[in-house]
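S.K.: Have a look at the structure that comes next, please.
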Amino acid sequence: MQTKMQALVTYGAHDYRLEKVDVPRAGKGEMIIKVEGCGICAGDLKAYEGGTVFWGDGKKPPYVEVPAIGGHEFVGHIVEIGPGIEEKETYGIADKDFKIGDRVAVEQIAPCGECRFCKEGNYHLCVPHNVYGFKNYLNGGFAEYAKLTKESLVYKIPEDMPLKKALLIEPYACSMHAIDRAKIGKDDVVVISGAGCLGLGMITTARKYDPKALIALDLNEERLETALKFGCDLTINPAKGNLETIINELSGGYGCDVYIEATGHPSSVKQGLEIIRKGGRFIEFSVFLDPVTCDWSVIGDGKELDMYGVSLSKGCFPKAIEGLYSGELMSDNVVSHIFKLEDFKEAFKQSGSGKGSIKVAFTFE
Ligand SMILES: [Zn+2]
Ligand SMILES: [Zn+2]
């Protein structure tokens with residue numbers, strides 16, 4: 001095995017450097033994978049752009065511990081297995097019995113296994129909340145090799161699954177968790193705001209529940225076309241000004257039953273509070289660059305809403321792997337741009353502009 005590898009190292013907002021670093025080695029309970037590819041998540045992009053969630057706001061300390069290698073949407077082949085891997089604690093949800101050459105995906109969070117939430121099975125809410133790519137002990141997939149720590153939740157994936165599908169396992173697992181939270185029924189008018197990678201994952205997942213109407217909102221017409229192909233009954237560009245009229249027509253004037261916010265734009269929160277019916281379910285998925293302001297009394301006195309937050313992908317990796325592999329979950333053209341690591345500036349720019357791109361990824365093939 002080579003001893004040096006190419007890696008994109010985070011030193012600070014806008015301070016990402018392409019470096020030759022040591023290939024990690026597997027200690028007790030650890031595995032090393034040769035990375036095939038790694039998607040750029042909205043979170044990676046917001047860290048790159050200097051979001052306060054990641055770099056602190058003067059009061060809160062920064063979440064990112066530098067230097068770190070970014071990226072948590074990665075897959076690869078096992079090239080080294082450390083001692084003691086057979087006794088690995090995995091909280092009963094991930095695979096075991098790994099061998100050299102296995103192709104694997106890893107959950108973004110490496111749960112501590114010790115806190116109240118880990119013990120309850122809500123490992124995605126783990127208090128130390130260590131996510132790949134943001135901590136210097138937990139380097140991610142923006143490198144040729146990555147170390148999977150002993151806490152990590154690792155799953156085998158089929159060898160013949162196309163890389164462009166495999167790169168969607170992590171984001172789609174998050175989309176599926178959002179749909180789990182939404183508890184969609186057959187009589188529901190469901191609005192999904194945002195038809196990027198995650199919104200599309202939600203649409204193709206929600207289709208299985210056969211709601212009365214499944215509607216996607218986006219400002220980008222190209223994305224709306226894809227949303228339609230992925231199973232929406234209707235798409236609406238909110239900039240065209242007829243959103244409320246259409247939702248009222250579909251819902252007898254009451255408003256939508258379920259509103260899933262997946263844009264990360266404050267205006268989408270306000271819009272959701274306006275078009276949702278009384279007693280409706282509001283699902284918040286996004287990470288925002290800055291705090292959002294809205295009329296909070298709509299939630300209580302105004303509409304008695306059920307508010308559900310969504311974080312990460314609790315228990316959804318196995319069904320994301322299966323759904324993507326079988327084709328039950330649509331994924332055509334979602335990974336829209338592939339870059340080499342050395343072109344990272346261009347890759348982040350493409351990912352940020354959203355023009356013509358849905359999911360941007362690095363590959364090492
Ligand atoms: Zn992600
Ligand atoms: Zn924990």
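By convention here, the chains of the structure tokens are called A, B, ... in the order presented, each chain's residues are numbered starting at 1, and ligands are numbered starting at 1 in the order presented.
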Using only C-alpha atoms and all ligand atoms, find each protein or nucleic acid residue lying at most 8 Å from ligand 2; present the set as JSON, numbers by chain.
M.R.: {"A": [111, 112, 113, 114, 115, 116, 117, 118, 119, 123, 125, 126, 127, 128, 129]}
S.K.: Pull N, CA and C atoms from the residues just selected and write them as a PDB file, in the first residue's frame.
M.R.:
ATOM      1  N   PRO A 111     -21.228   7.411  16.602  1.00  0.00           N
ATOM      2  CA  PRO A 111     -21.822   7.626  17.924  1.00  0.00           C
ATOM      3  C   PRO A 111     -20.947   7.113  19.069  1.00  0.00           C
ATOM      4  N   CYS A 112     -21.045   7.783  20.219  1.00  0.00           N
ATOM      5  CA  CYS A 112     -20.160   7.456  21.343  1.00  0.00           C
ATOM      6  C   CYS A 112     -20.521   6.125  22.009  1.00  0.00           C
ATOM      7  N   GLY A 113     -21.802   5.756  21.917  1.00  0.00           N
ATOM      8  CA  GLY A 113     -22.231   4.505  22.545  1.00  0.00           C
ATOM      9  C   GLY A 113     -22.443   4.620  24.056  1.00  0.00           C
ATOM     10  N   GLU A 114     -22.155   5.789  24.618  1.00  0.00           N
ATOM     11  CA  GLU A 114     -22.167   5.939  26.071  1.00  0.00           C
ATOM     12  C   GLU A 114     -23.294   6.856  26.552  1.00  0.00           C
ATOM     13  N   CYS A 115     -23.689   7.816  25.733  1.00  0.00           N
ATOM     14  CA  CYS A 115     -24.628   8.834  26.212  1.00  0.00           C
ATOM     15  C   CYS A 115     -26.048   8.261  26.256  1.00  0.00           C
ATOM     16  N   ARG A 116     -26.942   8.988  26.872  1.00  0.00           N
ATOM     17  CA  ARG A 116     -28.340   8.588  27.026  1.00  0.00           C
ATOM     18  C   ARG A 116     -28.970   8.216  25.679  1.00  0.00           C
ATOM     19  N   PHE A 117     -28.716   9.018  24.652  1.00  0.00           N
ATOM     20  CA  PHE A 117     -29.385   8.784  23.364  1.00  0.00           C
ATOM     21  C   PHE A 117     -28.857   7.530  22.682  1.00  0.00           C
ATOM     22  N   CYS A 118     -27.542   7.333  22.744  1.00  0.00           N
ATOM     23  CA  CYS A 118     -26.977   6.108  22.170  1.00  0.00           C
ATOM     24  C   CYS A 118     -27.580   4.893  22.866  1.00  0.00           C
ATOM     25  N   LYS A 119     -27.697   4.957  24.182  1.00  0.00           N
ATOM     26  CA  LYS A 119     -28.228   3.807  24.935  1.00  0.00           C
ATOM     27  C   LYS A 119     -29.697   3.556  24.615  1.00  0.00           C
ATOM     28  N   TYR A 123     -29.069   6.867  18.384  1.00  0.00           N
ATOM     29  CA  TYR A 123     -27.644   7.172  18.222  1.00  0.00           C
ATOM     30  C   TYR A 123     -27.413   8.409  17.370  1.00  0.00           C
ATOM     31  N   LEU A 125     -28.747  11.139  17.663  1.00  0.00           N
ATOM     32  CA  LEU A 125     -28.784  12.344  18.504  1.00  0.00           C
ATOM     33  C   LEU A 125     -27.611  12.362  19.489  1.00  0.00           C
ATOM     34  N   CYS A 126     -26.683  11.454  19.316  1.00  0.00           N
ATOM     35  CA  CYS A 126     -25.517  11.317  20.207  1.00  0.00           C
ATOM     36  C   CYS A 126     -24.971  12.689  20.619  1.00  0.00           C
ATOM     37  N   VAL A 127     -24.713  12.842  21.909  1.00  0.00           N
ATOM     38  CA  VAL A 127     -24.327  14.165  22.427  1.00  0.00           C
ATOM     39  C   VAL A 127     -22.973  14.667  21.914  1.00  0.00           C
ATOM     40  N   PRO A 128     -21.916  13.875  21.968  1.00  0.00           N
ATOM     41  CA  PRO A 128     -20.671  14.419  21.371  1.00  0.00           C
ATOM     42  C   PRO A 128     -20.838  14.744  19.875  1.00  0.00           C
ATOM     43  N   HIS A 129     -21.759  14.052  19.215  1.00  0.00           N
ATOM     44  CA  HIS A 129     -22.156  14.350  17.837  1.00  0.00           C
ATOM     45  C   HIS A 129     -20.967  14.518  16.888  1.00  0.00           C
TER      46      HIS A 129
END
S.K.: Set the cut-off to 9 Å, count only C-alpha atoms and all ligand atoms, and list whatever residues fall near ligand 1 as an mmCIF file with C-alpha atoms, in the first residue's frame.
M.R.:
data_model
loop_
_atom_site.group_PDB
_atom_site.id
_atom_site.type_symbol
_atom_site.label_atom_id
_atom_site.label_comp_id
_atom_site.auth_asym_id
_atom_site.auth_seq_id
_atom_site.Cartn_x
_atom_site.Cartn_y
_atom_site.Cartn_z
ATOM 1 C CA GLY A 39 -20.330 13.621 -2.451
ATOM 2 C CA ILE A 40 -20.330 17.253 -1.388
ATOM 3 C CA CYS A 41 -23.121 17.782 1.141
ATOM 4 C CA ALA A 42 -24.892 21.092 1.775
ATOM 5 C CA GLY A 43 -23.164 20.921 5.163
ATOM 6 C CA ASP A 44 -19.712 20.634 3.563
ATOM 7 C CA GLY A 71 -16.717 14.776 3.381
ATOM 8 C CA HIS A 72 -19.103 12.209 4.855
ATOM 9 C CA GLU A 73 -20.905 10.883 1.758
ATOM 10 C CA GLN A 108 -22.004 10.112 8.809
ATOM 11 C CA GLU A 170 -25.987 8.776 2.805
ATOM 12 C CA PRO A 171 -28.150 11.651 1.505
ATOM 13 C CA TYR A 172 -31.055 9.349 0.598
ATOM 14 C CA CYS A 174 -31.403 11.265 5.476
ATOM 15 C CA LEU A 198 -32.385 15.487 -0.554
ATOM 16 C CA LEU A 312 -29.324 12.649 10.027
#
S.K.: Show me, as an NGL selection string, the residues that have an atom within 9 Å of Gly201 in chain A when counting only C-alpha atoms, minus same-chain residues fewer than 2 positions from it.
M.R.: :A and (168 or 171-176 or 195-199 or 203-206 or 230 or 329-331)
S.K.: Give the strand (DSSP E or B) residues of range 43-255 of chain A, as DSSP finds them on the backbone, and put them as a PDB file with N, CA and C atoms, in the first residue's frame.
M.R.:
ATOM      1  N   ALA A  68      -8.887  19.148   9.426  1.00  0.00           N
ATOM      2  CA  ALA A  68      -9.720  17.962   9.215  1.00  0.00           C
ATOM      3  C   ALA A  68      -9.867  17.730   7.717  1.00  0.00           C
ATOM      4  N   ILE A  69     -10.096  16.474   7.345  1.00  0.00           N
ATOM      5  CA  ILE A  69     -10.390  16.163   5.945  1.00  0.00           C
ATOM      6  C   ILE A  69     -11.907  16.031   5.830  1.00  0.00           C
ATOM      7  N   GLU A  73     -20.063  11.682   2.668  1.00  0.00           N
ATOM      8  CA  GLU A  73     -20.905  10.883   1.758  1.00  0.00           C
ATOM      9  C   GLU A  73     -20.001  10.013   0.898  1.00  0.00           C
ATOM     10  N   PHE A  74     -19.315   9.054   1.526  1.00  0.00           N
ATOM     11  CA  PHE A  74     -18.321   8.305   0.771  1.00  0.00           C
ATOM     12  C   PHE A  74     -18.504   6.793   0.873  1.00  0.00           C
ATOM     13  N   VAL A  75     -17.982   6.128  -0.137  1.00  0.00           N
ATOM     14  CA  VAL A  75     -17.967   4.662  -0.156  1.00  0.00           C
ATOM     15  C   VAL A  75     -16.585   4.217  -0.622  1.00  0.00           C
ATOM     16  N   GLY A  76     -16.245   2.977  -0.328  1.00  0.00           N
ATOM     17  CA  GLY A  76     -14.940   2.487  -0.756  1.00  0.00           C
ATOM     18  C   GLY A  76     -14.768   1.014  -0.430  1.00  0.00           C
ATOM     19  N   HIS A  77     -13.558   0.517  -0.698  1.00  0.00           N
ATOM     20  CA  HIS A  77     -13.234  -0.891  -0.448  1.00  0.00           C
ATOM     21  C   HIS A  77     -12.273  -0.999   0.738  1.00  0.00           C
ATOM     22  N   ILE A  78     -12.518  -1.993   1.567  1.00  0.00           N
ATOM     23  CA  ILE A  78     -11.658  -2.198   2.736  1.00  0.00           C
ATOM     24  C   ILE A  78     -10.282  -2.693   2.273  1.00  0.00           C
ATOM     25  N   VAL A  79      -9.232  -2.005   2.731  1.00  0.00           N
ATOM     26  CA  VAL A  79      -7.872  -2.425   2.368  1.00  0.00           C
ATOM     27  C   VAL A  79      -7.060  -2.853   3.592  1.00  0.00           C
ATOM     28  N   GLU A  80      -7.532  -2.501   4.786  1.00  0.00           N
ATOM     29  CA  GLU A  80      -6.812  -2.919   5.992  1.00  0.00           C
ATOM     30  C   GLU A  80      -7.808  -3.060   7.134  1.00  0.00           C
ATOM     31  N   ILE A  81      -7.635  -4.105   7.920  1.00  0.00           N
ATOM     32  CA  ILE A  81      -8.521  -4.345   9.062  1.00  0.00           C
ATOM     33  C   ILE A  81      -7.654  -4.461  10.308  1.00  0.00           C
ATOM     34  N   ARG A 103     -16.853  -3.961  -0.175  1.00  0.00           N
ATOM     35  CA  ARG A 103     -17.230  -2.593  -0.540  1.00  0.00           C
ATOM     36  C   ARG A 103     -18.222  -2.095   0.509  1.00  0.00           C
ATOM     37  N   VAL A 104     -17.954  -0.919   1.061  1.00  0.00           N
ATOM     38  CA  VAL A 104     -18.767  -0.476   2.203  1.00  0.00           C
ATOM     39  C   VAL A 104     -19.162   0.995   2.111  1.00  0.00           C
ATOM     40  N   ALA A 105     -20.252   1.303   2.840  1.00  0.00           N
ATOM     41  CA  ALA A 105     -20.665   2.688   3.083  1.00  0.00           C
ATOM     42  C   ALA A 105     -20.672   2.875   4.598  1.00  0.00           C
ATOM     43  N   VAL A 106     -20.529   4.118   5.047  1.00  0.00           N
ATOM     44  CA  VAL A 106     -20.471   4.375   6.489  1.00  0.00           C
ATOM     45  C   VAL A 106     -21.420   5.517   6.842  1.00  0.00           C
ATOM     46  N   ILE A 109     -22.438   9.812  11.209  1.00  0.00           N
ATOM     47  CA  ILE A 109     -22.128  10.027  12.623  1.00  0.00           C
ATOM     48  C   ILE A 109     -21.407   8.805  13.191  1.00  0.00           C
ATOM     49  N   VAL A 131     -19.283  13.890  13.590  1.00  0.00           N
ATOM     50  CA  VAL A 131     -19.635  13.561  12.202  1.00  0.00           C
ATOM     51  C   VAL A 131     -18.365  13.588  11.344  1.00  0.00           C
ATOM     52  N   LYS A 135     -14.169  16.761  12.210  1.00  0.00           N
ATOM     53  CA  LYS A 135     -13.356  16.589  13.423  1.00  0.00           C
ATOM     54  C   LYS A 135     -11.992  16.062  13.014  1.00  0.00           C
ATOM     55  N   LEU A 138     -11.668  12.399  12.996  1.00  0.00           N
ATOM     56  CA  LEU A 138     -12.673  11.693  12.196  1.00  0.00           C
ATOM     57  C   LEU A 138     -12.661  12.244  10.765  1.00  0.00           C
ATOM     58  N   ALA A 143     -10.410  12.366   0.370  1.00  0.00           N
ATOM     59  CA  ALA A 143      -9.040  11.849   0.370  1.00  0.00           C
ATOM     60  C   ALA A 143      -9.057  10.460  -0.249  1.00  0.00           C
ATOM     61  N   TYR A 145      -7.771   7.701   0.896  1.00  0.00           N
ATOM     62  CA  TYR A 145      -8.046   6.661   1.890  1.00  0.00           C
ATOM     63  C   TYR A 145      -8.723   7.297   3.097  1.00  0.00           C
ATOM     64  N   ALA A 146      -9.508   6.507   3.818  1.00  0.00           N
ATOM     65  CA  ALA A 146     -10.130   7.012   5.039  1.00  0.00           C
ATOM     66  C   ALA A 146     -10.134   5.922   6.100  1.00  0.00           C
ATOM     67  N   LYS A 147     -10.030   6.376   7.338  1.00  0.00           N
ATOM     68  CA  LYS A 147     -10.066   5.440   8.467  1.00  0.00           C
ATOM     69  C   LYS A 147     -11.481   5.391   9.031  1.00  0.00           C
ATOM     70  N   LEU A 148     -12.036   4.194   9.168  1.00  0.00           N
ATOM     71  CA  LEU A 148     -13.337   4.031   9.811  1.00  0.00           C
ATOM     72  C   LEU A 148     -13.062   3.678  11.277  1.00  0.00           C
ATOM     73  N   VAL A 154     -20.886   0.737   9.824  1.00  0.00           N
ATOM     74  CA  VAL A 154     -20.416   0.401   8.478  1.00  0.00           C
ATOM     75  C   VAL A 154     -21.317  -0.674   7.867  1.00  0.00           C
ATOM     76  N   TYR A 155     -21.662  -0.500   6.587  1.00  0.00           N
ATOM     77  CA  TYR A 155     -22.554  -1.436   5.894  1.00  0.00           C
ATOM     78  C   TYR A 155     -21.910  -1.907   4.610  1.00  0.00           C
ATOM     79  N   LYS A 156     -22.052  -3.205   4.330  1.00  0.00           N
ATOM     80  CA  LYS A 156     -21.571  -3.730   3.046  1.00  0.00           C
ATOM     81  C   LYS A 156     -22.536  -3.296   1.952  1.00  0.00           C
ATOM     82  N   VAL A 189     -52.273  15.825   1.559  1.00  0.00           N
ATOM     83  CA  VAL A 189     -51.663  16.675   0.537  1.00  0.00           C
ATOM     84  C   VAL A 189     -50.284  17.035   1.087  1.00  0.00           C
ATOM     85  N   VAL A 190     -49.255  16.526   0.406  1.00  0.00           N
ATOM     86  CA  VAL A 190     -47.888  16.651   0.899  1.00  0.00           C
ATOM     87  C   VAL A 190     -47.098  17.626   0.027  1.00  0.00           C
ATOM     88  N   VAL A 191     -46.500  18.620   0.665  1.00  0.00           N
ATOM     89  CA  VAL A 191     -45.668  19.571  -0.073  1.00  0.00           C
ATOM     90  C   VAL A 191     -44.217  19.388   0.366  1.00  0.00           C
ATOM     91  N   ILE A 192     -43.333  19.174  -0.596  1.00  0.00           N
ATOM     92  CA  ILE A 192     -41.899  19.083  -0.314  1.00  0.00           C
ATOM     93  C   ILE A 192     -41.242  20.316  -0.913  1.00  0.00           C
ATOM     94  N   SER A 193     -40.727  21.169  -0.052  1.00  0.00           N
ATOM     95  CA  SER A 193     -40.130  22.417  -0.503  1.00  0.00           C
ATOM     96  C   SER A 193     -38.635  22.228  -0.695  1.00  0.00           C
ATOM     97  N   ALA A 213     -51.971  13.903  -2.818  1.00  0.00           N
ATOM     98  CA  ALA A 213     -51.199  14.734  -3.759  1.00  0.00           C
ATOM     99  C   ALA A 213     -49.790  14.915  -3.225  1.00  0.00           C
ATOM    100  N   LEU A 214     -48.825  14.784  -4.126  1.00  0.00           N
ATOM    101  CA  LEU A 214     -47.414  14.987  -3.768  1.00  0.00           C
ATOM    102  C   LEU A 214     -46.898  16.138  -4.632  1.00  0.00           C
ATOM    103  N   ILE A 215     -46.524  17.219  -3.956  1.00  0.00           N
ATOM    104  CA  ILE A 215     -46.180  18.457  -4.671  1.00  0.00           C
ATOM    105  C   ILE A 215     -44.761  18.886  -4.323  1.00  0.00           C
ATOM    106  N   ALA A 216     -43.990  19.249  -5.347  1.00  0.00           N
ATOM    107  CA  ALA A 216     -42.630  19.750  -5.099  1.00  0.00           C
ATOM    108  C   ALA A 216     -42.577  21.237  -5.418  1.00  0.00           C
ATOM    109  N   LEU A 217     -41.844  21.968  -4.587  1.00  0.00           N
ATOM    110  CA  LEU A 217     -41.622  23.394  -4.832  1.00  0.00           C
ATOM    111  C   LEU A 217     -40.137  23.639  -5.046  1.00  0.00           C
ATOM    112  N   LEU A 234     -47.435  17.080  -9.042  1.00  0.00           N
ATOM    113  CA  LEU A 234     -47.499  18.478  -9.450  1.00  0.00           C
ATOM    114  C   LEU A 234     -46.240  19.185  -8.959  1.00  0.00           C
ATOM    115  N   THR A 235     -45.753  20.146  -9.755  1.00  0.00           N
ATOM    116  CA  THR A 235     -44.646  20.965  -9.263  1.00  0.00           C
ATOM    117  C   THR A 235     -45.040  22.430  -9.388  1.00  0.00           C
ATOM    118  N   ILE A 236     -44.542  23.225  -8.465  1.00  0.00           N
ATOM    119  CA  ILE A 236     -44.874  24.654  -8.478  1.00  0.00           C
ATOM    120  C   ILE A 236     -43.609  25.467  -8.233  1.00  0.00           C
TER     121      ILE A 236
END
S.K.: What is the distance between CA of Lys303 in chain A and CA of Lys278 in chain A, in Å to one decimal?
M.R.: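 Taking CA of Lys303 in chain A and CA of Lys278 in chain A, their separation equals 4.2 Å.
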S.K.: Return as a PyMOL selection string the full set of residues in range 110-304 of chain A whose backbone-based DSSP assignment is helix (DSSP H, G or I).
M.R.: chain A and resi 116-120+123-125+163-166+169-182+197-209+221-229+238-240+243-250+266-275+296-298
S.K.: Applying 7 Å and only C-alpha atoms, which residues near range 1-15 of chain A remain after dropping the ones on its own chain fewer than 2 positions away? List them as a ChimeraX atom specification.
M.R.: /A:17-23,47-50,66-70,142-144
S.K.: Can you write just those residues out, N, CA, C and O atoms, as a PDB file, in the first residue's frame?
M.R.:
ATOM      1  N   ARG A  17      -6.947  23.155   1.621  1.00  0.00           N
ATOM      2  CA  ARG A  17      -5.679  22.967   0.879  1.00  0.00           C
ATOM      3  C   ARG A  17      -5.513  21.513   0.425  1.00  0.00           C
ATOM      4  O   ARG A  17      -5.752  20.585   1.207  1.00  0.00           O
ATOM      5  N   LEU A  18      -5.081  21.397  -0.816  1.00  0.00           N
ATOM      6  CA  LEU A  18      -4.783  20.078  -1.362  1.00  0.00           C
ATOM      7  C   LEU A  18      -3.385  19.690  -0.890  1.00  0.00           C
ATOM      8  O   LEU A  18      -2.421  20.402  -1.169  1.00  0.00           O
ATOM      9  N   GLU A  19      -3.281  18.579  -0.152  1.00  0.00           N
ATOM     10  CA  GLU A  19      -1.985  18.221   0.432  1.00  0.00           C
ATOM     11  C   GLU A  19      -1.678  16.745   0.236  1.00  0.00           C
ATOM     12  O   GLU A  19      -2.573  15.938   0.007  1.00  0.00           O
ATOM     13  N   LYS A  20      -0.397  16.426   0.359  1.00  0.00           N
ATOM     14  CA  LYS A  20       0.027  15.017   0.429  1.00  0.00           C
ATOM     15  C   LYS A  20       0.166  14.706   1.908  1.00  0.00           C
ATOM     16  O   LYS A  20       0.955  15.335   2.613  1.00  0.00           O
ATOM     17  N   VAL A  21      -0.626  13.774   2.394  1.00  0.00           N
ATOM     18  CA  VAL A  21      -0.558  13.430   3.817  1.00  0.00           C
ATOM     19  C   VAL A  21      -0.346  11.921   3.963  1.00  0.00           C
ATOM     20  O   VAL A  21      -0.458  11.176   2.984  1.00  0.00           O
ATOM     21  N   ASP A  22      -0.055  11.480   5.182  1.00  0.00           N
ATOM     22  CA  ASP A  22       0.145  10.055   5.431  1.00  0.00           C
ATOM     23  C   ASP A  22      -1.166   9.290   5.242  1.00  0.00           C
ATOM     24  O   ASP A  22      -2.218   9.747   5.683  1.00  0.00           O
ATOM     25  N   VAL A  23      -1.060   8.135   4.629  1.00  0.00           N
ATOM     26  CA  VAL A  23      -2.230   7.243   4.565  1.00  0.00           C
ATOM     27  C   VAL A  23      -2.488   6.747   5.987  1.00  0.00           C
ATOM     28  O   VAL A  23      -1.559   6.319   6.674  1.00  0.00           O
ATOM     29  N   ALA A  47     -19.870  24.771   5.475  1.00  0.00           N
ATOM     30  CA  ALA A  47     -18.619  24.878   6.238  1.00  0.00           C
ATOM     31  C   ALA A  47     -17.575  25.632   5.409  1.00  0.00           C
ATOM     32  O   ALA A  47     -16.888  26.532   5.899  1.00  0.00           O
ATOM     33  N   TYR A  48     -17.488  25.284   4.143  1.00  0.00           N
ATOM     34  CA  TYR A  48     -16.535  25.933   3.227  1.00  0.00           C
ATOM     35  C   TYR A  48     -16.818  27.430   3.149  1.00  0.00           C
ATOM     36  O   TYR A  48     -15.906  28.255   3.125  1.00  0.00           O
ATOM     37  N   GLU A  49     -18.112  27.759   3.134  1.00  0.00           N
ATOM     38  CA  GLU A  49     -18.498  29.170   2.978  1.00  0.00           C
ATOM     39  C   GLU A  49     -18.507  29.948   4.293  1.00  0.00           C
ATOM     40  O   GLU A  49     -18.797  31.142   4.310  1.00  0.00           O
ATOM     41  N   GLY A  50     -18.235  29.274   5.401  1.00  0.00           N
ATOM     42  CA  GLY A  50     -18.074  30.003   6.664  1.00  0.00           C
ATOM     43  C   GLY A  50     -19.318  30.119   7.519  1.00  0.00           C
ATOM     44  O   GLY A  50     -19.434  31.039   8.331  1.00  0.00           O
ATOM     45  N   VAL A  66     -10.056  21.749  13.302  1.00  0.00           N
ATOM     46  CA  VAL A  66      -9.075  21.693  12.217  1.00  0.00           C
ATOM     47  C   VAL A  66      -7.694  21.267  12.734  1.00  0.00           C
ATOM     48  O   VAL A  66      -7.416  21.435  13.919  1.00  0.00           O
ATOM     49  N   PRO A  67      -6.832  20.768  11.852  1.00  0.00           N
ATOM     50  CA  PRO A  67      -7.116  20.436  10.445  1.00  0.00           C
ATOM     51  C   PRO A  67      -7.932  19.144  10.336  1.00  0.00           C
ATOM     52  O   PRO A  67      -7.692  18.200  11.076  1.00  0.00           O
ATOM     53  N   ALA A  68      -8.887  19.148   9.426  1.00  0.00           N
ATOM     54  CA  ALA A  68      -9.720  17.962   9.215  1.00  0.00           C
ATOM     55  C   ALA A  68      -9.867  17.730   7.717  1.00  0.00           C
ATOM     56  O   ALA A  68      -9.781  18.667   6.934  1.00  0.00           O
ATOM     57  N   ILE A  69     -10.096  16.474   7.345  1.00  0.00           N
ATOM     58  CA  ILE A  69     -10.390  16.163   5.945  1.00  0.00           C
ATOM     59  C   ILE A  69     -11.907  16.031   5.830  1.00  0.00           C
ATOM     60  O   ILE A  69     -12.513  15.240   6.547  1.00  0.00           O
ATOM     61  N   GLY A  70     -12.508  16.850   4.964  1.00  0.00           N
ATOM     62  CA  GLY A  70     -13.970  16.927   4.874  1.00  0.00           C
ATOM     63  C   GLY A  70     -14.612  15.727   4.195  1.00  0.00           C
ATOM     64  O   GLY A  70     -13.935  14.809   3.727  1.00  0.00           O
ATOM     65  N   PHE A 142     -12.851  13.177   1.526  1.00  0.00           N
ATOM     66  CA  PHE A 142     -12.174  14.022   0.528  1.00  0.00           C
ATOM     67  C   PHE A 142     -10.686  13.654   0.511  1.00  0.00           C
ATOM     68  O   PHE A 142      -9.805  14.496   0.654  1.00  0.00           O
ATOM     69  N   ALA A 143     -10.410  12.366   0.370  1.00  0.00           N
ATOM     70  CA  ALA A 143      -9.040  11.849   0.370  1.00  0.00           C
ATOM     71  C   ALA A 143      -9.057  10.460  -0.249  1.00  0.00           C
ATOM     72  O   ALA A 143     -10.104   9.815  -0.317  1.00  0.00           O
ATOM     73  N   GLU A 144      -7.869   9.991  -0.654  1.00  0.00           N
ATOM     74  CA  GLU A 144      -7.805   8.689  -1.327  1.00  0.00           C
ATOM     75  C   GLU A 144      -8.097   7.516  -0.391  1.00  0.00           C
ATOM     76  O   GLU A 144      -8.577   6.472  -0.823  1.00  0.00           O
TER      77      GLU A 144
END
S.K.: Applying 9 Å and only C-alpha atoms, which residues near Val334 in chain A remain after dropping the ones on its own chain fewer than 5 positions away? List them as a PyMOL selection string.
M.R.: chain A and resi 164-165+168+196-197+200+226+357-360
S.K.: Which one is closest to Asp257 in chain A: A:Gly300, A:Gly37, A:Gly121, A:Gly185? Count only C-alpha atoms.
M.R.: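 Under the stated criterion, the closest residue is A:Gly185.
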S.K.: So that I can check the surroundings of Ala262 in chain A, please list as a list of chain:residue names every protein, DNA and RNA residue that reaches within 6 Å of it, counting only C-alpha atoms and ignoring chain neighbours fewer than 3 positions away.
M.R.: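 Contacts, with the query itself left out: A:Ser193, A:Gly194, A:Phe285, A:Ser286.
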S.K.: Please produce a file of the residues just selected, as an mmCIF file, in the first residue's frame, where the atoms kept are C-alpha atoms.
M.R.:
data_model
loop_
_atom_site.group_PDB
_atom_site.id
_atom_site.type_symbol
_atom_site.label_atom_id
_atom_site.label_comp_id
_atom_site.auth_asym_id
_atom_site.auth_seq_id
_atom_site.Cartn_x
_atom_site.Cartn_y
_atom_site.Cartn_z
ATOM 1 C CA SER A 193 -40.130 22.417 -0.503
ATOM 2 C CA GLY A 194 -36.775 22.043 -2.267
ATOM 3 C CA PHE A 285 -34.886 19.276 7.645
ATOM 4 C CA SER A 286 -32.505 22.035 6.564
#
S.K.: When you draw a straight line from CA of Thr293 in chain A to CA of Asn122 in chain A, how long is it in Å?
M.R.: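 Value for the CA of Thr293 in chain A-CA of Asn122 in chain A distance: 29.0 Å.
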S.K.: For Arg223 in chain A, which residue out of A:Tyr63, A:Glu30, A:Gly141, A:Gly354 is the nearest one, using only C-alpha atoms?
M.R.: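 Going through A:Tyr63, A:Glu30, A:Gly141, A:Gly354 one by one, the smallest distance to Arg223 in chain A is for A:Gly354.
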S.K.: In terms of the shortest atom-to-atom distance over only C-alpha atoms, which of A:Pro158, A:Gly27, A:Pro266, A:Gly302 is closest to Ile85 in chain A?
M.R.: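 Checking each of A:Pro158, A:Gly27, A:Pro266, A:Gly302 against Ile85 in chain A, counting only C-alpha atoms, the winner is A:Gly27.
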S.K.: Report, in Å with one decimal, the straight-line distance from CA of Ala361 in chain A to CA of Asn139 in chain A.
M.R.: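 Going from CA of Ala361 in chain A over to CA of Asn139 in chain A, I get 16.8 Å.
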